[in-house]
Structure formats: C-alpha cells, structure tokens
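Just work.cif here, mmCIF, C-alpha atoms and all ligand atoms:
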```cif
data_my_file
#
loop_
_atom_site.label_atom_id
_atom_site.label_comp_id
_atom_site.auth_asym_id
_atom_site.auth_seq_id
_atom_site.Cartn_x
_atom_site.Cartn_y
_atom_site.Cartn_z
CA MET A 24 81.17 142.20 168.30
CA GLU A 25 84.42 144.09 168.74
CA GLU A 26 84.42 147.85 168.24
CA LEU A 27 85.97 148.97 164.98
CA PHE A 28 88.26 151.95 165.23
CA MET A 29 87.25 153.04 161.74
CA ILE A 30 83.64 152.83 160.48
CA PRO A 31 84.29 151.24 157.07
CA TYR A 32 82.45 152.18 153.86
CA GLY A 33 81.30 148.58 153.47
CA ARG A 34 81.50 145.39 155.45
CA GLN A 35 80.23 141.81 155.47
CA THR A 36 77.50 140.62 157.85
CA ILE A 37 78.30 137.15 159.17
CA ASP A 38 76.32 135.33 161.86
CA GLU A 39 76.36 131.90 163.54
CA ASP A 40 74.30 130.31 160.73
CA ASP A 41 76.95 131.33 158.22
CA ILE A 42 79.75 129.96 160.39
CA ASN A 43 77.93 126.66 160.97
CA ALA A 44 77.24 126.27 157.24
CA VAL A 45 80.97 126.54 156.51
CA VAL A 46 81.95 124.20 159.35
CA ASP A 47 79.49 121.59 158.05
CA VAL A 48 81.25 121.56 154.68
CA LEU A 49 84.66 121.25 156.33
CA LYS A 50 83.39 118.06 157.97
CA SER A 51 81.92 116.69 154.72
CA ASP A 52 83.43 114.75 151.82
CA TYR A 53 83.80 117.69 149.45
CA LEU A 54 85.76 120.86 149.98
CA THR A 55 85.44 121.93 146.36
CA THR A 56 83.08 121.09 143.49
CA GLY A 57 80.59 119.22 145.65
CA PRO A 58 76.85 119.63 146.15
CA LYS A 59 77.01 123.20 147.49
CA ILE A 60 77.98 124.61 144.09
CA ALA A 61 74.71 123.63 142.41
CA GLU A 62 72.72 124.54 145.51
CA PHE A 63 74.17 128.06 145.52
CA GLU A 64 73.67 128.42 141.75
CA GLN A 65 70.07 127.32 142.13
CA ALA A 66 69.46 129.77 144.98
CA VAL A 67 70.71 132.76 142.99
CA ALA A 68 69.01 131.62 139.77
CA SER A 69 65.61 131.27 141.41
CA TYR A 70 66.05 134.57 143.29
CA THR A 71 66.89 136.54 140.14
CA GLY A 72 64.68 134.63 137.73
CA ALA A 73 67.56 133.54 135.49
CA LYS A 74 67.49 130.10 133.89
CA TYR A 75 71.17 129.17 134.32
CA ALA A 76 73.84 130.16 136.82
CA VAL A 77 77.57 129.41 136.90
CA ALA A 78 79.32 130.00 140.24
CA ILE A 79 82.95 130.98 139.76
CA SER A 80 86.04 132.07 141.71
CA ASN A 81 85.30 135.83 141.79
CA GLY A 82 83.52 138.70 140.06
CA THR A 83 86.47 139.38 137.80
CA SER A 84 86.64 135.79 136.52
CA ALA A 85 82.86 136.00 136.03
CA LEU A 86 83.39 138.97 133.69
CA HIS A 87 86.29 137.20 131.95
CA ALA A 88 84.10 134.12 131.44
CA ALA A 89 81.24 136.27 130.10
CA CYS A 90 83.54 137.94 127.55
CA PHE A 91 84.89 134.53 126.54
CA ALA A 92 81.38 133.11 126.14
CA ALA A 93 80.40 136.18 124.12
CA GLY A 94 83.25 135.36 121.76
CA ILE A 95 85.18 138.60 122.35
CA GLY A 96 88.57 138.48 120.66
CA GLN A 97 91.22 140.43 118.78
CA GLY A 98 89.73 143.38 116.90
CA ASP A 99 86.43 143.41 118.79
CA GLU A 100 85.32 146.56 120.57
CA VAL A 101 83.25 146.44 123.74
CA ILE A 102 81.58 149.58 125.06
CA THR A 103 81.56 150.14 128.80
CA THR A 104 81.54 152.89 131.41
CA PRO A 105 84.67 154.55 132.77
CA LEU A 106 83.05 155.09 136.19
CA THR A 107 83.59 151.55 137.46
CA PHE A 108 86.10 149.17 138.96
CA ALA A 109 88.86 148.34 136.48
CA ALA A 110 87.68 144.72 136.13
CA SER A 111 84.66 145.83 134.05
CA ALA A 112 87.09 146.82 131.27
CA ASN A 113 90.04 144.53 132.02
CA CYS A 114 87.88 141.52 131.14
CA VAL A 115 87.75 142.75 127.54
CA LEU A 116 91.55 143.09 127.43
CA TYR A 117 91.96 139.54 128.81
CA CYS A 118 90.22 138.29 125.67
CA GLY A 119 92.27 140.46 123.30
CA GLY A 120 89.43 142.91 122.69
CA THR A 121 89.37 146.69 123.04
CA PRO A 122 87.33 148.46 125.72
CA VAL A 123 85.68 151.66 124.46
CA PHE A 124 84.46 154.10 127.09
CA ALA A 125 81.09 155.82 126.73
CA ASP A 126 80.42 158.71 129.08
CA VAL A 127 77.96 158.52 131.97
CA ASP A 128 74.67 160.22 132.69
CA PRO A 129 75.16 163.19 135.05
CA TYR A 130 72.24 162.13 137.27
CA THR A 131 72.50 158.34 137.56
CA TYR A 132 76.29 158.16 137.01
CA ASN A 133 75.55 155.11 134.83
CA ILE A 134 76.53 154.66 131.19
CA ASP A 135 74.62 157.07 128.93
CA PRO A 136 72.82 155.27 126.07
CA GLU A 137 73.19 158.36 123.86
CA ASP A 138 76.96 158.18 124.19
CA ILE A 139 76.90 154.42 123.54
CA ARG A 140 75.31 155.22 120.17
CA LYS A 141 78.13 157.65 119.37
CA LYS A 142 80.81 155.08 120.19
CA ILE A 143 79.45 152.26 118.02
CA THR A 144 81.63 151.22 115.05
CA ASP A 145 81.75 148.25 112.67
CA LYS A 146 83.91 146.51 115.26
CA THR A 147 81.54 146.87 118.22
CA LYS A 148 80.54 143.45 119.49
CA ALA A 149 79.15 143.94 123.00
CA ILE A 150 78.11 146.37 125.71
CA ILE A 151 79.07 145.91 129.36
CA ALA A 152 76.62 147.89 131.48
CA VAL A 153 77.59 148.43 135.13
CA HIS A 154 74.87 149.16 137.68
CA LEU A 155 76.89 151.62 139.73
CA ALA A 156 76.09 151.51 143.45
CA GLY A 157 73.22 149.12 142.62
CA GLN A 158 71.21 151.61 140.55
CA PRO A 159 70.06 149.79 137.39
CA CYS A 160 71.18 151.22 134.05
CA ASP A 161 68.62 152.29 131.46
CA MET A 162 68.34 148.71 130.20
CA ASP A 163 65.45 149.27 127.75
CA GLU A 164 67.52 151.80 125.83
CA ILE A 165 70.63 149.63 126.01
CA HIS A 166 68.70 146.60 124.73
CA SER A 167 67.20 148.54 121.85
CA ILE A 168 70.66 149.79 120.81
CA ALA A 169 71.97 146.21 121.08
CA GLN A 170 69.13 144.92 118.94
CA GLU A 171 69.68 147.57 116.26
CA HIS A 172 73.39 146.77 116.02
CA ASN A 173 73.32 143.06 116.85
CA LEU A 174 75.37 143.40 120.03
CA ILE A 175 75.67 141.14 123.07
CA VAL A 176 74.71 142.74 126.38
CA ILE A 177 76.61 141.83 129.54
CA GLU A 178 75.62 143.41 132.83
CA ASP A 179 78.27 143.81 135.50
CA GLY A 180 75.94 143.37 138.44
CA ALA A 181 78.70 143.30 141.08
CA HIS A 182 76.76 146.00 142.98
CA ALA A 183 73.28 144.94 141.99
CA LEU A 184 72.23 141.57 143.42
CA GLY A 185 68.67 142.34 144.54
CA SER A 186 68.28 145.48 142.44
CA VAL A 187 65.06 145.71 140.45
CA TYR A 188 64.51 147.16 136.96
CA LYS A 189 60.87 147.66 135.92
CA GLY A 190 59.67 144.86 138.17
CA LYS A 191 62.42 142.39 137.23
CA LYS A 192 65.48 141.50 139.25
CA VAL A 193 68.90 142.27 137.83
CA GLY A 194 70.22 138.92 136.61
CA CYS A 195 67.48 137.95 134.18
CA LEU A 196 67.47 140.97 131.85
CA SER A 197 70.34 140.51 129.38
CA ASP A 198 72.41 137.84 127.60
CA MET A 199 74.59 137.53 130.68
CA THR A 200 74.85 139.18 134.09
CA THR A 201 77.76 138.80 136.48
CA PHE A 202 77.83 139.10 140.27
CA SER A 203 80.64 139.42 142.81
CA PHE A 204 80.59 138.04 146.35
CA HIS A 205 83.55 139.98 147.71
CA PRO A 206 82.94 140.90 151.39
CA VAL A 207 81.71 144.45 150.70
CA LYS A 208 79.18 143.31 148.05
CA PRO A 209 75.46 142.58 148.70
CA ILE A 210 76.25 139.03 149.92
CA THR A 211 79.64 137.40 150.39
CA THR A 212 81.46 134.09 149.91
CA GLY A 213 84.85 135.61 150.84
CA GLU A 214 85.88 135.63 147.20
CA GLY A 215 83.34 134.51 144.64
CA GLY A 216 81.27 135.35 141.63
CA MET A 217 78.50 134.10 139.35
CA ILE A 218 77.30 134.47 135.78
CA MET A 219 73.57 134.33 135.01
CA THR A 220 72.11 133.55 131.59
CA ASP A 221 68.99 132.18 129.93
CA ASN A 222 70.97 130.90 126.96
CA GLU A 223 72.00 127.23 126.98
CA GLU A 224 74.87 127.74 124.50
CA LEU A 225 76.38 130.50 126.61
CA TYR A 226 75.86 128.41 129.74
CA LYS A 227 77.83 125.50 128.27
CA ARG A 228 80.70 127.80 127.27
CA LEU A 229 80.79 129.35 130.75
CA VAL A 230 80.97 125.95 132.43
CA LEU A 231 83.83 124.87 130.14
CA PHE A 232 85.73 128.08 130.74
CA ARG A 233 85.49 127.72 134.54
CA SER A 234 87.48 124.49 134.49
CA HIS A 235 90.25 124.39 131.85
CA GLY A 236 87.89 124.02 128.90
CA ILE A 237 87.58 120.37 129.90
CA THR A 238 84.39 118.29 129.67
CA ARG A 239 83.35 114.79 130.65
CA ASP A 240 79.97 115.26 128.96
CA ASN A 241 79.68 112.52 126.31
CA SER A 242 77.44 114.66 124.09
CA MET A 243 80.17 117.30 123.81
CA MET A 244 83.17 115.04 123.16
CA THR A 245 84.52 114.10 119.71
CA ARG A 246 85.03 110.52 120.90
CA ASN A 247 84.97 108.56 124.16
CA GLU A 248 87.60 105.95 124.98
CA GLY A 249 86.08 104.85 128.29
CA PRO A 250 84.82 105.81 131.73
CA TRP A 251 88.11 107.67 132.56
CA PHE A 252 87.89 109.82 129.47
CA TYR A 253 87.62 113.60 129.25
CA GLN A 254 88.52 116.14 126.59
CA GLN A 255 89.80 119.68 126.59
CA LEU A 256 87.65 121.46 124.00
CA ASP A 257 88.76 125.05 124.60
CA LEU A 258 91.35 127.00 126.55
CA GLY A 259 89.81 127.59 129.95
CA TYR A 260 91.21 128.32 133.39
CA ASN A 261 90.91 127.02 136.92
CA TYR A 262 88.31 129.57 138.01
CA ARG A 263 86.42 127.12 140.22
CA ILE A 264 84.79 128.21 143.45
CA THR A 265 84.86 125.91 146.50
CA ASP A 266 82.05 124.15 148.34
CA ILE A 267 83.22 125.96 151.47
CA GLN A 268 82.49 129.30 149.78
CA CYS A 269 79.20 128.17 148.27
CA ALA A 270 77.93 126.95 151.65
CA LEU A 271 78.53 130.47 152.92
CA GLY A 272 76.80 131.81 149.79
CA CYS A 273 73.69 129.65 150.38
CA SER A 274 73.47 130.83 153.95
CA GLN A 275 73.96 134.48 152.90
CA MET A 276 71.26 134.20 150.20
CA ARG A 277 68.70 133.43 152.90
CA LYS A 278 69.48 136.83 154.43
CA LEU A 279 69.74 138.90 151.27
CA ASP A 280 66.27 140.46 151.55
CA LYS A 281 66.95 141.39 155.17
CA PHE A 282 70.25 142.99 154.14
CA LEU A 283 68.55 144.93 151.35
CA LYS A 284 65.84 146.17 153.70
CA ARG A 285 68.40 147.53 156.15
CA ARG A 286 70.43 149.14 153.34
CA ARG A 287 67.27 150.88 152.08
CA GLU A 288 66.42 152.09 155.59
CA LEU A 289 69.89 153.56 156.01
CA VAL A 290 69.67 155.24 152.60
CA GLU A 291 66.39 156.86 153.55
CA ARG A 292 67.98 158.15 156.76
CA TYR A 293 70.90 159.60 154.77
CA ASN A 294 68.57 161.15 152.18
CA ASN A 295 66.39 162.78 154.83
CA ALA A 296 69.40 164.06 156.76
CA PHE A 297 70.91 165.77 153.72
CA ILE A 298 67.66 167.05 152.20
CA GLU A 299 68.38 170.69 152.97
CA CYS A 300 72.12 170.58 152.42
CA ASP A 301 73.02 172.62 149.32
CA ASN A 302 76.57 171.31 149.23
CA ILE A 303 75.76 167.61 149.49
CA VAL A 304 74.22 166.06 146.36
CA THR A 305 72.47 162.81 147.26
CA PRO A 306 72.02 159.89 144.82
CA TYR A 307 69.35 160.22 142.15
CA GLN A 308 67.05 157.23 141.69
CA LEU A 309 65.83 156.39 138.19
CA PRO A 310 62.01 155.98 138.12
CA ASP A 311 60.79 152.39 137.80
CA THR A 312 63.90 150.99 139.47
CA GLN A 313 64.93 149.91 142.94
CA SER A 314 68.59 150.05 143.81
CA GLY A 315 70.12 147.40 146.05
CA TRP A 316 72.23 150.23 147.47
CA HIS A 317 75.66 148.66 147.45
CA LEU A 318 77.12 152.17 147.82
CA TYR A 319 75.90 155.55 149.01
CA ILE A 320 77.73 158.08 146.85
CA VAL A 321 77.38 161.81 147.50
CA GLN A 322 78.85 164.73 145.60
CA VAL A 323 80.44 167.41 147.72
CA LYS A 324 79.98 170.86 146.15
CA ASN A 325 81.70 174.18 146.90
CA HIS A 326 84.26 172.44 149.09
CA ASP A 327 87.61 170.81 148.49
CA ARG A 328 86.74 167.12 148.16
CA LYS A 329 90.20 166.01 149.23
CA GLN A 330 90.02 168.07 152.40
CA VAL A 331 86.54 166.77 153.27
CA PHE A 332 87.69 163.21 152.56
CA GLU A 333 90.81 163.51 154.72
CA THR A 334 88.92 165.07 157.62
CA LEU A 335 86.32 162.27 157.54
CA ARG A 336 89.10 159.66 157.60
CA ASP A 337 90.81 161.48 160.48
CA LYS A 338 87.54 161.31 162.38
CA GLY A 339 87.32 157.54 161.98
CA ILE A 340 84.96 157.42 159.00
CA GLY A 341 86.30 155.06 156.35
CA VAL A 342 85.02 156.90 153.30
CA ASN A 343 86.11 155.92 149.80
CA VAL A 344 85.83 157.12 146.20
CA HIS A 345 83.99 155.01 143.58
CA TYR A 346 85.54 155.38 141.05
CA ILE A 347 88.60 156.84 139.41
CA PRO A 348 87.67 156.74 135.68
CA VAL A 349 89.30 153.55 134.39
CA TYR A 350 91.11 155.18 131.44
CA MET A 351 92.96 157.50 133.85
CA HIS A 352 95.01 154.62 135.29
CA PRO A 353 98.63 154.50 134.05
CA TYR A 354 98.12 151.08 132.43
CA TYR A 355 95.34 152.45 130.24
CA ARG A 356 97.19 155.73 129.60
CA GLU A 357 100.14 153.69 128.32
CA HIS A 358 97.96 151.40 126.19
CA GLY A 359 96.18 153.80 123.87
CA TYR A 360 93.89 155.76 126.18
CA LYS A 361 96.17 158.80 126.66
CA ASP A 362 93.78 161.23 124.98
CA ILE A 363 90.49 159.70 126.08
CA HIS A 364 88.18 161.91 128.10
CA CYS A 365 84.64 161.50 129.35
CA ALA A 366 83.61 164.91 130.66
CA ASN A 367 80.73 163.81 132.89
CA ALA A 368 82.67 160.95 134.47
CA GLU A 369 85.60 163.26 135.26
CA GLU A 370 83.34 165.96 136.68
CA ILE A 371 81.53 163.42 138.90
CA TYR A 372 84.83 161.83 139.94
CA SER A 373 86.13 165.19 141.19
CA HIS A 374 83.23 165.57 143.67
CA ILE A 375 82.27 162.09 144.90
CA ILE A 376 82.68 160.41 148.26
CA SER A 377 81.19 157.03 149.25
CA LEU A 378 79.80 157.12 152.79
CA PRO A 379 79.59 154.04 155.05
CA LEU A 380 76.69 151.76 154.08
CA TYR A 381 76.25 148.12 155.13
CA PRO A 382 73.58 146.16 157.00
CA GLY A 383 75.49 146.19 160.30
CA LEU A 384 75.89 149.99 160.37
CA THR A 385 74.02 151.22 163.46
CA ASP A 386 71.81 154.29 163.59
CA GLU A 387 74.28 155.84 166.07
CA GLN A 388 77.24 155.26 163.76
CA GLN A 389 75.29 156.68 160.85
CA ASP A 390 74.26 159.75 162.86
CA TYR A 391 77.93 160.35 163.61
CA VAL A 392 78.73 160.16 159.86
CA ILE A 393 75.83 162.52 159.06
CA ASP A 394 76.72 165.09 161.74
CA THR A 395 80.39 165.05 160.81
CA LEU A 396 79.76 165.54 157.09
CA LYS A 397 77.11 168.22 157.65
CA GLN A 398 79.44 170.16 159.91
CA LEU A 399 82.18 170.02 157.26
CA CYS A 400 80.02 170.98 154.29
CA GLU A 401 77.32 173.18 155.73
CA GLY A 402 78.68 174.41 159.06
C1 LIG A 501 83.89 144.17 142.88
C2 LIG A 501 83.69 144.47 141.46
C3 LIG A 501 84.15 143.64 140.42
C4 LIG A 501 85.08 142.50 140.66
O1 LIG A 501 84.65 141.56 141.57
P1 LIG A 501 85.72 140.66 142.37
O2 LIG A 501 84.87 139.63 142.99
O3 LIG A 501 86.39 141.56 143.36
O4 LIG A 501 86.68 140.10 141.39
C5 LIG A 501 83.78 143.92 139.13
N1 LIG A 501 83.05 145.00 138.82
C6 LIG A 501 82.62 145.85 139.77
C7 LIG A 501 81.78 147.02 139.37
C8 LIG A 501 82.94 145.63 141.11
O5 LIG A 501 82.53 146.50 142.05
#
```
Reformat the file's structure so that it appears as structure tokens.
Amino acid sequence: MEELFMIPYGRQTIDEDDINAVVDVLKSDYLTTGPKIAEFEQAVASYTGAKYAVAISNGTSALHAACFAAGIGQGDEVITTPLTFAASANCVLYCGGTPVFADVDPYTYNIDPEDIRKKITDKTKAIIAVHLAGQPCDMDEIHSIAQEHNLIVIEDGAHALGSVYKGKKVGCLSDMTTFSFHPVKPITTGEGGMIMTDNEELYKRLVLFRSHGITRDNSMMTRNEGPWFYQQLDLGYNYRITDIQCALGCSQMRKLDKFLKRRRELVERYNNAFIECDNIVTPYQLPDTQSGWHLYIVQVKNHDRKQVFETLRDKGIGVNVHYIPVYMHPYYREHGYKDIHCANAEEIYSHIISLPLYPGLTDEQQDYVIDTLKQLCEG
C-alpha cells in the first residue's frame, strides 16, 4: 500500500476480495439492477434484524426516500439535530417540509429528547434522529415522544451501521433507518445508501420512489394492457444503485464485524492515551449502547481550536470538524433560520476536532496523532 502524505480522518478498507467481487459483476450480464441488489439488501437486513431493505444511490437519496415514504410535504415540520451533515435536514426541504432544530445533549452530542418536546407543534410530523459518530441516540425516549404525538421516527444511521442500542442493532428500531456507504462510512460501495423498515407499506413506497414512481407489479397497477405494461403511480426519481456497487457492498458486509472490532480497539487506545489530559475531552458513551465508532470526536479545552486544528494539518494529520450546525450555513440563514440558535450545539462546535479513525489506521500512525495532540494541548 502506498504511503499517504496525510493521515486522513477516515478512509475505506478495500482488499482483493472486494476488487474481485466488482470485476465479477463487470463480466456478468447485469451492471445495474441485477441479482446483487437483492443480495446486498438481504445481507444488511439480516445483519441489522430489519424486515425490509431498499438499496439506493446514496445516503442522501435514502433520507429523501424516507421523507417521501413518511408523507412529508408542505406545512409539515420535522424535528432534527443541528449537529449533523446538512443532508439530515435537506431531505425535509426536498419534500417541501420544514426542518426544526432541537438542541443536543452536552454529553452525547446527540439530539436531546427534552428539547424535542419543546419544539413539537401541531404541524410536527416526524423526528429524524442522527446517531452522531455512531453513538445511538436515546431511542426509548424518542419513541415515547413519537408515540405520544403520533410522529414517524426516521433514524439517520449514516454513522451507525453496526451500532447497538440496548442489545438491538441500529436499523431495526424505528419506522425507517437510513445508511450511507460513502467511502468514509462503516462500509462502502463508493456511493450508496439503504433504507431499512419493518413496514410493508413504507417498503413499497420506497421501492417506487427509487425508480421514477414506476411499477410493473400487477397488484399495484390500475389496469394492465399486456406483458410490456408498466405504470407511473407517483413522482419518483432515478435513485437506483448499480450491481457493481452492490457487489462491493456484499463483500464489505462480510468484513463489517472485523472493521468494527478494529475501530473499537483504536478508540480504546485513544481513550487510554487521553485519560489524564485535562484539555482533551474524549467521547462519552451512553450506557446500554455500543457505538460503531464512525468518528472519534474530541473537544479541545483552554486552547484555540483553530490553532490546534491548523497545526495538526501542518503535521500531516487530516483532522476534520463534525459538524458546523446546519442552520449556520448561508442557505439556511437566508431561508428563515437567521435567528435560530442551539446553545449546546454551538458550544460543542466551537471545541470539536475529529481525529483519524478507520480500520486501516496503524498503531504507529495513531501514536503519532496522540503524541502530536498531547504536545499541543498539554505540553
Ligand atoms: C454521509 C452522511 C449523509 C449522506 O450520505 P451520502 O451517502 O454522502 O449521501 C447523511 N447524513 C449523515 C449524518 C452523514 O454523515
């Protein structure tokens, strides 16, 4: 493997099996919408314990599809966290709905159920919970709020394939859960995503949405003129994923537990290394949960975050910041979120840095990251 000049914050792990799986598809009859789609869906469904899975072009289209299936439209409010990638809220806007930001918990950095309660109105239709860094949200509380107010719960599990909440894998807990298979995520298909659900009605809507709203299923059509016939029942998109990508996904799924094990090892090494560092706040882990550790986010205290960040980059450490609160982006500022503030999210944002974390990170590389950060913050 070639030496990387910069140790990135995240990176895919691809081996010969993955490459061969893709090459096999290239030599087969189907490049897209062939047998690998269902095989990949089945692999993720059985891993997570969900009944249905819909593989789709990426994590963002997965969220768009989930909002569509949930029936989000004009006038509907959907409560989500500001401390996430913009797609977690953009998906609501795609459907004509209004994202409403609830503040985060100062320990887990995940959406705070108490603040969800405060943001509920007559227009609230759904909650999108994001498992930041792979740490599961307080799903029991979120489900009980949803039940009280008759809301749909969507989990943005882009970081959380393999995460466990009270003995259950993320993916089988709520009405719908979405995953992303972008290269930095727990497994990759290059670009790719999936929606998990136990609900047959939602499943059917997701499948329609993935491919133009078109069906060839006789039981869904208003009439059938012959074997060539199909009908467009709704306005969907071309959000299909390819067989090439799903072959890679199947191969990656076989290694997911190995990836998770290495991520957890690395996290333990980071945690132990920073245990006596007063200026480095390590991630808090909610009891009864296991994070898949997509990200390792620390807070840097009593130091200028920007200076620490820039020095780490100068020293070849590809740190990042997850995330800029979504409502702070100019697009949101200009579309009604000018005066929105979530105090905890903004406080956390001002201190956080994501350190390198991925299965291929070596102990030596990690030691270099640890020593460099310690010297900057504690030296
Ligand atoms: C990566 C990510 C997405 C979007 O996934 P893509 O596959 O890149 O479209 C959505 N939400 C969160 C929290 C993410 O990290």
Do you have, as CSV, the list of residues of chain A lying at most 10 Å from ligand LIG 501 (chain A), each with its nearest atom pair and that distance in Å to one decimal, counting only C-alpha atoms and all ligand atoms and ordered by chain then number?
```
residue,atom,partner,partner_atom,distance
A:Ile79,CA,A:LIG501,O2,9.4
A:Ser80,CA,A:LIG501,O2,7.8
A:Asn81,CA,A:LIG501,O2,4.0
A:Gly82,CA,A:LIG501,O2,3.4
A:Thr83,CA,A:LIG501,O4,3.7
A:Ser84,CA,A:LIG501,O4,6.5
A:Ala85,CA,A:LIG501,O4,7.8
A:Leu86,CA,A:LIG501,C5,7.4
A:His87,CA,A:LIG501,O4,9.9
A:Thr104,CA,A:LIG501,C7,9.9
A:Leu106,CA,A:LIG501,C7,8.8
A:Thr107,CA,A:LIG501,C7,5.2
A:Phe108,CA,A:LIG501,C7,4.8
A:Ala109,CA,A:LIG501,N1,7.1
A:Ala110,CA,A:LIG501,C5,5.0
A:Ser111,CA,A:LIG501,N1,5.1
A:Ala112,CA,A:LIG501,N1,8.8
A:Asn113,CA,A:LIG501,C5,9.5
A:Cys114,CA,A:LIG501,C5,9.3
A:Ala152,CA,A:LIG501,C7,9.5
A:Val153,CA,A:LIG501,C7,6.1
A:His154,CA,A:LIG501,C7,7.4
A:Leu155,CA,A:LIG501,C7,6.7
A:Ala156,CA,A:LIG501,O5,8.3
A:Gly157,CA,A:LIG501,C7,9.4
A:Glu178,CA,A:LIG501,N1,9.7
A:Asp179,CA,A:LIG501,N1,5.9
A:Gly180,CA,A:LIG501,C7,6.9
A:Ala181,CA,A:LIG501,C8,4.8
A:His182,CA,A:LIG501,O5,5.9
A:Ala183,CA,A:LIG501,C7,9.1
A:Thr201,CA,A:LIG501,C5,8.3
A:Phe202,CA,A:LIG501,O1,7.4
A:Ser203,CA,A:LIG501,O2,4.2
A:Phe204,CA,A:LIG501,O2,5.7
A:His205,CA,A:LIG501,O2,4.9
A:Pro206,CA,A:LIG501,O2,8.7
A:Val207,CA,A:LIG501,C1,8.1
A:Lys208,CA,A:LIG501,C1,7.0
A:Thr211,CA,A:LIG501,O2,9.3
A:Thr212,CA,A:LIG501,O2,9.5
A:Gly213,CA,A:LIG501,O2,8.8
A:Glu214,CA,A:LIG501,O2,5.9
A:Gly215,CA,A:LIG501,O2,5.6
A:Gly216,CA,A:LIG501,O2,5.8
A:Met217,CA,A:LIG501,O2,9.2
A:His317,CA,A:LIG501,O5,9.0
A:Leu318,CA,A:LIG501,O5,9.7
A:His345,CA,A:LIG501,O5,8.8
A:Tyr346,CA,A:LIG501,C7,9.3
```
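Using all atoms listed in the file, the protein and nucleic acid residues lying no more than 9 Å from A:Ile363, apart from those fewer than 5 places from it along its own chain, are Phe124, Tyr350, Met351 and Arg356 of chain A.
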- Would you mind telling me which residue in A:Gln322, A:Thr312, A:Thr121, A:Thr305 lies nearest to A:Cys160 when using only C-alpha atoms?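 Comparing A:Gln322, A:Thr312, A:Thr121, A:Thr305 against A:Cys160, the winner is A:Thr312.
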- Query: Any idea what's packed within 9 Å of A:Leu231, counting only C-alpha atoms, ignoring anything in its chain fewer than 5 positions away? Could you give it as a PyMOL selection string?
  - Reply: chain A and resi 226+236-238+255-260
- Query: Looking at all atoms listed in the file, which of A:Ile393, A:Leu271, A:Ile210, A:Leu335 is the one that sits closest to A:Phe63?
  - Reply: A:Leu271
- Hey, which of A:Asp327, A:Pro58, A:Gly339, A:Lys397 ends up closest to A:Ser373? Count all atoms listed in the file.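 Closest to A:Ser373, using all atoms listed in the file: A:Asp327.
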- Taking all atoms listed in the file into account, which of A:Glu164, A:Glu369, A:Asp394, A:Glu223 comes nearest A:Ala76?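 When distances to A:Ala76 are compared using all atoms listed in the file, the smallest one comes from A:Glu223.
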Please put the answer as JSON: centre and edge lengths, in Å with one decimal, of a box along x, y and z that encloses all listed atoms of stretch 67-76 of chain A plus 4 Å on each side.
```
{"center_x": 69.3, "center_y": 132.9, "center_z": 138.6, "size_x": 17.2, "size_y": 15.4, "size_z": 17.4}
```
Would you save stretch 211-224 of chain A from the block above with N, CA, C and O atoms, as a PDB file, in the first residue's frame?
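Saved result, out_2.pdb, follows:
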```
ATOM      1  N   THR A 211     -18.315   0.557   2.532  1.00  0.00           N
ATOM      2  CA  THR A 211     -18.503   1.413   1.363  1.00  0.00           C
ATOM      3  C   THR A 211     -18.940   0.647   0.113  1.00  0.00           C
ATOM      4  O   THR A 211     -18.629  -0.537  -0.056  1.00  0.00           O
ATOM      5  N   THR A 212     -19.677   1.381  -0.739  1.00  0.00           N
ATOM      6  CA  THR A 212     -19.970   0.927  -2.107  1.00  0.00           C
ATOM      7  C   THR A 212     -19.521   2.017  -3.092  1.00  0.00           C
ATOM      8  O   THR A 212     -20.017   2.078  -4.208  1.00  0.00           O
ATOM      9  N   GLY A 213     -18.633   2.890  -2.677  1.00  0.00           N
ATOM     10  CA  GLY A 213     -18.259   4.067  -3.470  1.00  0.00           C
ATOM     11  C   GLY A 213     -19.234   5.178  -3.122  1.00  0.00           C
ATOM     12  O   GLY A 213     -18.979   5.993  -2.242  1.00  0.00           O
ATOM     13  N   GLU A 214     -20.349   5.216  -3.811  1.00  0.00           N
ATOM     14  CA  GLU A 214     -21.538   5.949  -3.379  1.00  0.00           C
ATOM     15  C   GLU A 214     -22.605   4.889  -3.129  1.00  0.00           C
ATOM     16  O   GLU A 214     -22.635   3.877  -3.827  1.00  0.00           O
ATOM     17  N   GLY A 215     -23.469   5.127  -2.169  1.00  0.00           N
ATOM     18  CA  GLY A 215     -24.548   4.163  -1.948  1.00  0.00           C
ATOM     19  C   GLY A 215     -25.268   4.443  -0.651  1.00  0.00           C
ATOM     20  O   GLY A 215     -24.764   5.166   0.212  1.00  0.00           O
ATOM     21  N   GLY A 216     -26.458   3.883  -0.550  1.00  0.00           N
ATOM     22  CA  GLY A 216     -27.231   4.053   0.666  1.00  0.00           C
ATOM     23  C   GLY A 216     -28.270   2.954   0.783  1.00  0.00           C
ATOM     24  O   GLY A 216     -28.423   2.117  -0.122  1.00  0.00           O
ATOM     25  N   MET A 217     -28.993   2.936   1.905  1.00  0.00           N
ATOM     26  CA  MET A 217     -30.044   1.938   2.094  1.00  0.00           C
ATOM     27  C   MET A 217     -31.048   2.462   3.101  1.00  0.00           C
ATOM     28  O   MET A 217     -30.683   3.254   3.983  1.00  0.00           O
ATOM     29  N   ILE A 218     -32.307   2.038   2.933  1.00  0.00           N
ATOM     30  CA  ILE A 218     -33.344   2.348   3.915  1.00  0.00           C
ATOM     31  C   ILE A 218     -33.854   1.026   4.459  1.00  0.00           C
ATOM     32  O   ILE A 218     -34.164   0.106   3.691  1.00  0.00           O
ATOM     33  N   MET A 219     -33.950   0.933   5.786  1.00  0.00           N
ATOM     34  CA  MET A 219     -34.447  -0.260   6.456  1.00  0.00           C
ATOM     35  C   MET A 219     -35.829   0.039   7.037  1.00  0.00           C
ATOM     36  O   MET A 219     -36.050   1.132   7.575  1.00  0.00           O
ATOM     37  N   THR A 220     -36.723  -0.931   6.941  1.00  0.00           N
ATOM     38  CA  THR A 220     -38.034  -0.778   7.587  1.00  0.00           C
ATOM     39  C   THR A 220     -38.645  -2.151   7.849  1.00  0.00           C
ATOM     40  O   THR A 220     -38.282  -3.130   7.193  1.00  0.00           O
ATOM     41  N   ASP A 221     -39.572  -2.190   8.797  1.00  0.00           N
ATOM     42  CA  ASP A 221     -40.353  -3.409   9.041  1.00  0.00           C
ATOM     43  C   ASP A 221     -41.740  -3.293   8.437  1.00  0.00           C
ATOM     44  O   ASP A 221     -42.533  -4.235   8.519  1.00  0.00           O
ATOM     45  N   ASN A 222     -42.034  -2.130   7.851  1.00  0.00           N
ATOM     46  CA  ASN A 222     -43.391  -1.811   7.432  1.00  0.00           C
ATOM     47  C   ASN A 222     -43.546  -2.014   5.921  1.00  0.00           C
ATOM     48  O   ASN A 222     -42.869  -1.358   5.117  1.00  0.00           O
ATOM     49  N   GLU A 223     -44.445  -2.890   5.528  1.00  0.00           N
ATOM     50  CA  GLU A 223     -44.588  -3.246   4.112  1.00  0.00           C
ATOM     51  C   GLU A 223     -45.056  -2.059   3.263  1.00  0.00           C
ATOM     52  O   GLU A 223     -44.607  -1.886   2.124  1.00  0.00           O
ATOM     53  N   GLU A 224     -45.967  -1.245   3.828  1.00  0.00           N
ATOM     54  CA  GLU A 224     -46.457  -0.070   3.095  1.00  0.00           C
ATOM     55  C   GLU A 224     -45.312   0.895   2.785  1.00  0.00           C
ATOM     56  O   GLU A 224     -45.181   1.394   1.658  1.00  0.00           O
TER      57      GLU A 224
END
```
